[in-house]
>>> print(open('data37.txt').read())   # compact mmCIF, C-alpha atoms
# COMPACT_ATOMS: atom_id res chain seq x y z
CA MET A 1 -9.80 -3.22 26.56
CA THR A 2 -8.13 -1.91 23.43
CA THR A 3 -10.27 -2.47 20.36
CA VAL A 4 -8.73 -2.96 16.93
CA GLY A 5 -10.80 -2.83 13.75
CA VAL A 6 -9.60 -5.05 10.90
CA VAL A 7 -10.95 -3.98 7.51
CA LEU A 8 -12.31 -6.74 5.28
CA PHE A 9 -12.55 -6.10 1.55
CA PRO A 10 -13.70 -8.69 -0.96
CA GLY A 11 -10.39 -10.46 -1.63
CA SER A 12 -8.67 -9.70 1.68
CA ASN A 13 -7.11 -12.90 3.02
CA CYS A 14 -5.08 -12.01 6.12
CA GLU A 15 -7.86 -10.60 8.28
CA HIS A 16 -8.21 -13.68 10.49
CA ASP A 17 -4.45 -13.95 10.99
CA VAL A 18 -4.43 -10.32 12.16
CA VAL A 19 -7.44 -10.87 14.45
CA GLU A 20 -5.75 -13.95 15.92
CA ALA A 21 -2.42 -12.17 16.45
CA VAL A 22 -3.82 -9.05 18.14
CA SER A 23 -6.28 -11.11 20.20
CA ALA A 24 -3.38 -13.20 21.48
CA LEU A 25 -1.84 -9.94 22.68
CA GLY A 26 -4.95 -9.15 24.70
CA ALA A 27 -6.84 -6.82 22.37
CA ASP A 28 -10.44 -7.04 21.28
CA ALA A 29 -10.32 -7.40 17.50
CA ARG A 30 -13.30 -6.98 15.23
CA ILE A 31 -13.76 -7.30 11.49
CA LEU A 32 -15.00 -4.14 9.72
CA TRP A 33 -16.87 -4.74 6.44
CA HIS A 34 -15.65 -2.48 3.65
CA GLY A 35 -19.21 -1.57 2.65
CA ASP A 36 -20.01 -0.03 6.03
CA ASN A 37 -19.53 3.70 6.40
CA ARG A 38 -18.67 3.66 10.11
CA LEU A 39 -15.70 2.23 11.99
CA GLY A 40 -17.61 1.95 15.24
CA ASP A 41 -15.83 2.37 18.53
CA VAL A 42 -12.29 1.28 17.69
CA ASP A 43 -8.96 2.53 19.01
CA ALA A 44 -6.86 1.46 16.02
CA VAL A 45 -7.44 0.13 12.52
CA ILE A 46 -5.44 -2.45 10.59
CA VAL A 47 -5.90 -2.81 6.83
CA PRO A 48 -4.76 -6.41 6.27
CA GLY A 49 -3.13 -8.13 3.33
CA GLY A 50 -4.71 -9.96 0.44
CA PHE A 51 -6.03 -8.95 -2.94
CA ALA A 52 -8.74 -6.36 -2.25
CA HIS A 53 -11.17 -6.26 -5.18
CA GLY A 54 -8.91 -8.71 -6.99
CA ASP A 55 -6.16 -6.09 -7.33
CA TYR A 56 -7.98 -5.06 -10.51
CA LEU A 57 -6.60 -1.99 -12.28
CA ARG A 58 -3.88 -1.61 -9.60
CA PRO A 59 -3.60 -3.01 -6.07
CA GLY A 60 -5.72 -0.80 -3.83
CA ALA A 61 -7.12 1.30 -6.70
CA ILE A 62 -10.71 0.16 -6.24
CA ALA A 63 -10.55 -0.53 -2.49
CA ARG A 64 -9.88 3.13 -1.82
CA PHE A 65 -13.43 3.95 -2.98
CA SER A 66 -15.07 1.54 -0.52
CA PRO A 67 -17.46 3.35 1.86
CA ILE A 68 -15.38 2.50 4.93
CA MET A 69 -12.40 4.39 3.51
CA THR A 70 -14.11 7.74 4.16
CA ALA A 71 -14.52 6.84 7.84
CA LEU A 72 -10.96 5.51 7.92
CA SER A 73 -9.60 8.76 6.46
CA GLU A 74 -11.50 10.76 9.08
CA PHE A 75 -10.14 8.51 11.85
CA ALA A 76 -6.61 9.01 10.50
CA ALA A 77 -7.12 12.79 10.23
CA MET A 78 -8.04 12.84 13.93
CA GLY A 79 -4.75 11.12 14.74
CA GLY A 80 -6.12 7.58 15.13
CA PRO A 81 -3.47 4.90 14.61
CA VAL A 82 -3.82 3.08 11.28
CA VAL A 83 -1.56 0.33 9.96
CA GLY A 84 -1.68 -1.12 6.45
CA ILE A 85 0.03 -4.48 5.96
CA CYS A 86 1.09 -5.57 2.46
CA ASN A 87 -2.05 -5.07 0.32
CA GLY A 88 -3.22 -2.77 3.12
CA PHE A 89 -0.10 -0.64 2.53
CA GLN A 90 -1.02 -0.50 -1.17
CA VAL A 91 -4.58 0.56 -0.28
CA LEU A 92 -3.30 3.36 1.99
CA THR A 93 -0.97 4.75 -0.71
CA GLU A 94 -3.78 4.68 -3.28
CA ALA A 95 -6.03 6.46 -0.79
CA GLY A 96 -3.43 9.18 -0.37
CA LEU A 97 -2.97 8.45 3.34
CA LEU A 98 0.66 7.53 2.69
CA PRO A 99 3.05 8.94 0.06
CA GLY A 100 4.47 6.98 -2.87
CA ALA A 101 3.30 3.84 -4.62
CA LEU A 102 4.12 0.12 -4.67
CA GLN A 103 5.35 -1.07 -8.04
CA LYS A 104 5.97 -4.57 -9.36
CA ASN A 105 9.03 -6.15 -7.74
CA ARG A 106 12.34 -5.67 -9.46
CA GLY A 107 12.97 -9.02 -11.14
CA LEU A 108 9.22 -9.64 -11.62
CA ARG A 109 9.11 -12.40 -9.05
CA PHE A 110 6.35 -12.99 -6.54
CA LEU A 111 8.32 -13.06 -3.29
CA CYS A 112 7.36 -15.46 -0.50
CA THR A 113 10.22 -15.56 1.96
CA THR A 114 11.50 -14.26 5.30
CA VAL A 115 13.48 -11.06 5.33
CA GLU A 116 15.37 -9.04 7.90
CA VAL A 117 14.33 -5.45 8.52
CA CYS A 118 15.89 -2.80 10.71
CA VAL A 119 13.85 -0.53 12.98
CA GLU A 120 14.77 2.94 11.70
CA THR A 121 12.60 5.02 14.00
CA THR A 122 10.61 4.35 17.14
CA GLU A 123 8.48 7.45 16.57
CA SER A 124 5.62 5.51 14.99
CA PRO A 125 2.63 3.53 16.27
CA LEU A 126 4.23 0.38 14.86
CA THR A 127 7.64 0.69 16.50
CA SER A 128 7.14 2.69 19.72
CA LEU A 129 8.14 -0.29 21.89
CA ALA A 130 10.92 -1.55 19.62
CA SER A 131 14.61 -0.77 20.07
CA PRO A 132 16.14 1.61 17.53
CA GLY A 133 18.34 -0.39 15.18
CA ALA A 134 16.76 -3.71 16.17
CA VAL A 135 16.75 -6.30 13.39
CA LEU A 136 13.48 -8.22 12.98
CA ARG A 137 12.87 -11.38 10.92
CA LEU A 138 9.51 -11.06 9.18
CA PRO A 139 7.78 -12.85 6.29
CA ILE A 140 7.03 -11.08 3.02
CA ASN A 141 4.51 -12.30 0.46
CA HIS A 142 3.99 -9.93 -2.44
CA PHE A 143 4.38 -9.15 -6.13
CA GLU A 144 3.98 -5.39 -5.85
CA GLY A 145 6.19 -4.34 -2.95
CA ASN A 146 8.73 -2.18 -4.73
CA TYR A 147 8.30 1.13 -2.92
CA THR A 148 8.53 4.04 -5.37
CA CYS A 149 8.29 7.79 -4.92
CA ASP A 150 9.79 10.89 -6.50
CA ALA A 151 13.12 12.26 -5.30
CA ALA A 152 11.56 15.19 -3.43
CA THR A 153 9.23 12.85 -1.50
CA LEU A 154 12.13 10.55 -0.62
CA ASP A 155 14.17 13.50 0.65
CA GLN A 156 11.19 14.58 2.75
CA LEU A 157 10.70 11.09 4.19
CA ARG A 158 14.37 10.95 5.21
CA ALA A 159 14.43 14.49 6.59
CA ASP A 160 11.31 13.84 8.68
CA ASP A 161 12.55 10.44 9.94
CA ARG A 162 9.50 8.77 8.36
CA VAL A 163 11.20 5.62 7.07
CA VAL A 164 10.02 3.20 9.75
CA LEU A 165 11.64 -0.07 8.60
CA ARG A 166 14.39 -0.80 6.07
CA TYR A 167 15.34 -4.11 4.48
CA LEU A 168 18.85 -5.32 5.29
CA ALA A 169 19.00 -7.04 1.88
CA ASN A 170 16.58 -5.29 -0.47
CA PRO A 171 14.38 -8.07 -1.92
CA ASN A 172 12.18 -6.13 -4.33
CA GLY A 173 13.91 -2.97 -5.56
CA SER A 174 12.28 -0.59 -3.07
CA ALA A 175 13.69 2.95 -3.08
CA ASP A 176 16.21 3.41 -0.27
CA ASP A 177 15.48 -0.18 0.99
CA ILE A 178 12.16 1.05 2.39
CA ALA A 179 9.96 -1.64 3.97
CA ALA A 180 7.69 0.71 5.95
CA VAL A 181 6.86 4.43 6.00
CA CYS A 182 4.63 6.63 8.08
CA SER A 183 2.46 9.66 7.32
CA ALA A 184 3.44 13.27 8.06
CA GLY A 185 1.33 13.01 11.22
CA ARG A 186 3.16 9.72 11.99
CA ASN A 187 -0.08 7.93 12.98
CA VAL A 188 -0.56 6.10 9.66
CA VAL A 189 2.00 3.40 8.84
CA GLY A 190 2.30 1.05 5.87
CA LEU A 191 4.60 -1.96 5.73
CA MET A 192 5.09 -4.80 3.26
CA PRO A 193 6.21 -7.51 5.75
CA HIS A 194 3.56 -9.40 7.74
CA PRO A 195 4.02 -8.97 11.52
CA GLU A 196 0.93 -11.11 12.20
CA ARG A 197 2.67 -14.07 10.58
CA ALA A 198 5.60 -13.70 12.98
CA SER A 199 3.66 -13.55 16.21
CA ASP A 200 3.98 -17.08 17.59
CA PRO A 201 6.82 -19.63 17.93
CA LEU A 202 4.84 -21.88 15.57
CA CYS A 203 5.24 -19.23 12.85
CA GLY A 204 9.03 -19.54 12.99
CA SER A 205 9.50 -16.01 14.32
CA GLU A 206 7.96 -13.91 17.04
CA ASP A 207 9.60 -10.70 15.87
CA GLY A 208 6.27 -9.25 14.67
CA ARG A 209 4.88 -9.20 18.19
CA VAL A 210 6.74 -6.04 19.22
CA LEU A 211 5.23 -4.22 16.24
CA LEU A 212 1.67 -5.26 17.09
CA GLN A 213 2.29 -4.59 20.79
CA SER A 214 3.49 -1.10 19.85
CA LEU A 215 0.27 -0.51 17.91
CA LEU A 216 -1.86 -1.70 20.83
CA GLU A 217 0.07 0.50 23.26
CA THR A 218 -0.33 3.52 20.94
CA ALA A 219 -4.03 2.71 20.56
CA ARG A 220 -4.48 2.46 24.30
CA ARG A 221 -2.88 5.87 24.78
CA SER A 222 -4.76 7.54 21.94
CA ALA A 223 -8.06 5.99 23.01
CA ALA A 224 -8.40 8.64 25.70
CA VAL A 225 -7.95 11.34 23.06
CA THR A 226 -10.50 9.93 20.63
CA ALA A 227 -12.97 8.89 23.35
CA GLY A 228 -14.65 12.27 23.16
CA ARG A 229 -15.54 12.02 19.46
CA MET B 1 -22.91 12.45 -28.80
CA ARG B 2 -21.15 9.26 -27.78
CA TYR B 3 -17.40 9.37 -28.12
CA PRO B 4 -15.23 6.26 -28.20
CA VAL B 5 -12.09 6.83 -26.14
CA LEU B 6 -8.80 4.99 -25.89
CA VAL B 7 -6.79 5.62 -22.73
CA GLU B 8 -3.18 4.49 -22.71
CA VAL B 9 -1.80 4.19 -19.18
CA ARG B 10 1.96 3.95 -19.09
CA LEU B 11 4.71 4.11 -16.52
CA ARG B 12 6.35 7.50 -16.25
CA PRO B 13 9.68 7.66 -18.07
CA ASP B 14 11.62 7.85 -14.78
CA VAL B 15 9.95 4.73 -13.36
CA ALA B 16 11.66 1.39 -13.96
CA ASP B 17 9.59 -1.02 -16.06
CA PRO B 18 10.63 -4.60 -15.20
CA GLN B 19 8.10 -6.09 -17.67
CA GLY B 20 9.42 -3.99 -20.54
CA ALA B 21 13.01 -4.80 -19.62
CA THR B 22 12.27 -8.54 -19.47
CA ILE B 23 10.59 -8.50 -22.88
CA GLU B 24 13.47 -6.52 -24.33
CA ARG B 25 16.03 -8.99 -23.00
CA ALA B 26 14.13 -11.89 -24.62
CA LEU B 27 14.14 -10.35 -28.11
CA PRO B 28 17.64 -11.38 -29.28
CA ALA B 29 16.87 -15.03 -28.48
CA LEU B 30 13.98 -14.81 -30.96
CA GLY B 31 16.15 -13.27 -33.62
CA PHE B 32 14.86 -9.70 -33.24
CA THR B 33 17.77 -7.34 -33.17
CA GLY B 34 17.81 -3.56 -33.15
CA ILE B 35 14.68 -3.23 -31.01
CA ASP B 36 14.89 -1.27 -27.77
CA GLY B 37 12.86 1.09 -25.61
CA VAL B 38 10.25 -1.59 -24.79
CA ARG B 39 7.72 -0.29 -22.26
CA VAL B 40 4.59 -2.12 -21.10
CA GLY B 41 1.40 -0.25 -20.21
CA LYS B 42 -2.35 -0.72 -20.29
CA ALA B 43 -4.96 0.18 -22.88
CA ILE B 44 -8.46 0.99 -21.61
CA ARG B 45 -11.34 1.53 -24.07
CA LEU B 46 -14.53 3.26 -23.05
CA THR B 47 -17.39 5.31 -24.47
CA VAL B 48 -18.37 8.72 -23.13
CA GLU B 49 -21.67 10.57 -23.57
CA ALA B 50 -20.79 14.27 -23.91
CA VAL B 51 -21.90 17.42 -25.71
CA ASP B 52 -18.65 17.73 -27.66
CA GLU B 53 -15.22 16.22 -28.00
CA ALA B 54 -13.60 18.74 -25.65
CA SER B 55 -15.96 17.93 -22.80
CA ALA B 56 -15.56 14.18 -23.46
CA ARG B 57 -11.82 14.64 -23.15
CA SER B 58 -12.00 16.67 -19.96
CA GLU B 59 -14.32 14.08 -18.38
CA VAL B 60 -11.85 11.30 -19.18
CA GLU B 61 -8.92 13.41 -17.95
CA GLU B 62 -10.68 13.74 -14.59
CA LEU B 63 -11.41 9.99 -14.57
CA CYS B 64 -7.74 9.25 -15.22
CA ARG B 65 -6.58 11.68 -12.57
CA ARG B 66 -8.83 10.19 -9.91
CA PHE B 67 -8.89 6.53 -10.81
CA LEU B 68 -7.47 5.01 -13.98
CA ALA B 69 -3.87 6.08 -13.38
CA ASN B 70 -1.71 6.55 -10.31
CA PRO B 71 0.09 9.85 -10.92
CA VAL B 72 2.97 8.78 -8.66
CA ILE B 73 4.13 6.24 -11.23
CA GLU B 74 1.93 6.56 -14.32
CA ASP B 75 1.16 8.94 -17.22
CA VAL B 76 -1.81 8.74 -19.57
CA GLU B 77 -2.45 9.50 -23.20
CA ILE B 78 -6.09 10.00 -24.16
CA LYS B 79 -7.36 9.53 -27.72
CA VAL B 80 -10.94 10.61 -28.39
CA GLY B 81 -12.79 9.46 -31.52
>>> encode(input="data37.txt", output="structure tokens")
Amino acid sequence: MTTVGVVLFPGSNCEHDVVEAVSALGADARILWHGDNRLGDVDAVIVPGGFAHGDYLRPGAIARFSPIMTALSEFAAMGGPVVGICNGFQVLTEAGLLPGALQKNRGLRFLCTTVEVCVETTESPLTSLASPGAVLRLPINHFEGNYTCDAATLDQLRADDRVVLRYLANPNGSADDIAAVCSAGRNVVGLMPHPERASDPLCGSEDGRVLLQSLLETARRSAAVTAGR
Amino acid sequence: MRYPVLVEVRLRPDVADPQGATIERALPALGFTGIDGVRVGKAIRLTVEAVDEASARSEVEELCRRFLANPVIEDVEIKVG
């Protein structure tokens, strides 16, 4: 069975939603405490949303120094699939695993709504099973989701087809309508919307399922590669 | 020697500052005219044990680079003493 590690920092608050959503898709999900320095035997890692370390200084700024982040960086360097959702995206940018930064929303509003995003590439662990150009309805819930990077980085992201999801109607001022990006190696993805909150009819949308299913499928395939570690 | 240090963390000039813009837009309603260029940052005070001012400064520069500021969006100004 595919095993997904879900990182828990003090202040994370979406870890159980993520565990529930990936378990419903048939994976074995386990919580990974931020103070541990090993991931254990996992095939993929999700850094969930919330307010890790209270978002003090900047979202993700303190979380990136948690002991588990060293193990997570090594897992990512070996090609292991890693997804950061919302605050998890902020943690991964602060840790240098993804380019850019997430600034306060344009308009200074905390946004809690459902948005539409377009699948821009299927060459990522989050979208491998999605249809190119598919429009997904997903919830967002953030104050700092305004994706920012310098012009050279943005050019690089476009040239390398690393913009994974784009907003149809930009809610927060993100550069180039970016809702999700992936790393140069493509195995690390960060996104502001919450796929785990759109994984059941009761949630009002099931559009997040294809993203989590993609991650599980990627994890299953890469498990054979990482099994020898 | 112990050196008091003031670190000013501010958004880089090319990064939009919605807080600064919001404050600036509120000023005319309060009767303040002729004020512009409002930018909001953070001030961090700390004390550094170092052999001299130069080494205190270089220690804080390293701290800023690795932790106190995000170089993607922020600059710092360090005042020692």
>>> closest_atom_pairs(input="data37.txt", of="chain B", to="chain A", cutoff="10 Å", atoms="only C-alpha atoms", output="CSV")
residue,atom,partner,partner_atom,distance
B:Leu11,CA,A:Gln103,CA,10.0
B:Asp14,CA,A:Asp150,CA,9.0
B:Val15,CA,A:Thr148,CA,8.1
B:Ala16,CA,A:Arg106,CA,8.4
B:Asp17,CA,A:Lys104,CA,8.4
B:Pro18,CA,A:Arg106,CA,6.1
B:Gln19,CA,A:Leu108,CA,7.1
B:Ala21,CA,A:Gly107,CA,9.5
B:Thr22,CA,A:Gly107,CA,8.4
B:Lys42,CA,A:Leu57,CA,9.2
B:Ile44,CA,A:Leu57,CA,10.0
B:Arg66,CA,A:Ala61,CA,9.6
B:Phe67,CA,A:Ala61,CA,6.9
B:Leu68,CA,A:Leu57,CA,7.3
B:Ala69,CA,A:Arg58,CA,8.6
B:Asn70,CA,A:Glu94,CA,7.6
B:Pro71,CA,A:Ala101,CA,9.3
B:Val72,CA,A:Gly100,CA,6.2
B:Ile73,CA,A:Ala101,CA,7.1
>>> residues_around(input="data37.txt", residues="Glu53 in chain B", least_positions_apart="2", cutoff="9 Å", atoms="only C-alpha atoms", output="VMD selection string")
chain B and resid 1 3 50 to 51 55 to 58 80 to 81
>>> residues_around(input="data37.txt", residues="Ser128 in chain A", least_positions_apart="5", cutoff="7 Å", atoms="only C-alpha atoms", output="ChimeraX atom specification")
/A:122-123,214
>>> write_last_selection(input="data37.txt", atoms="C-alpha atoms", output="PDB file, in the frame of the given file")
ATOM      1  CA  THR A 122      10.610   4.350  17.140  1.00  0.00           C
ATOM      2  CA  GLU A 123       8.480   7.450  16.570  1.00  0.00           C
ATOM      3  CA  SER A 214       3.490  -1.100  19.850  1.00  0.00           C
TER       4      SER A 214
END
>>> closest_residue(input="data37.txt", among="A:Arg137, A:His194, A:Arg166, A:Arg186", to="Gly50 in chain A", atoms="only C-alpha atoms")
A:His194
>>> atom_distance(input="data37.txt", atom1="CA of Gly79 in chain A", atom2="CA of Arg221 in chain A")
11.5 Å
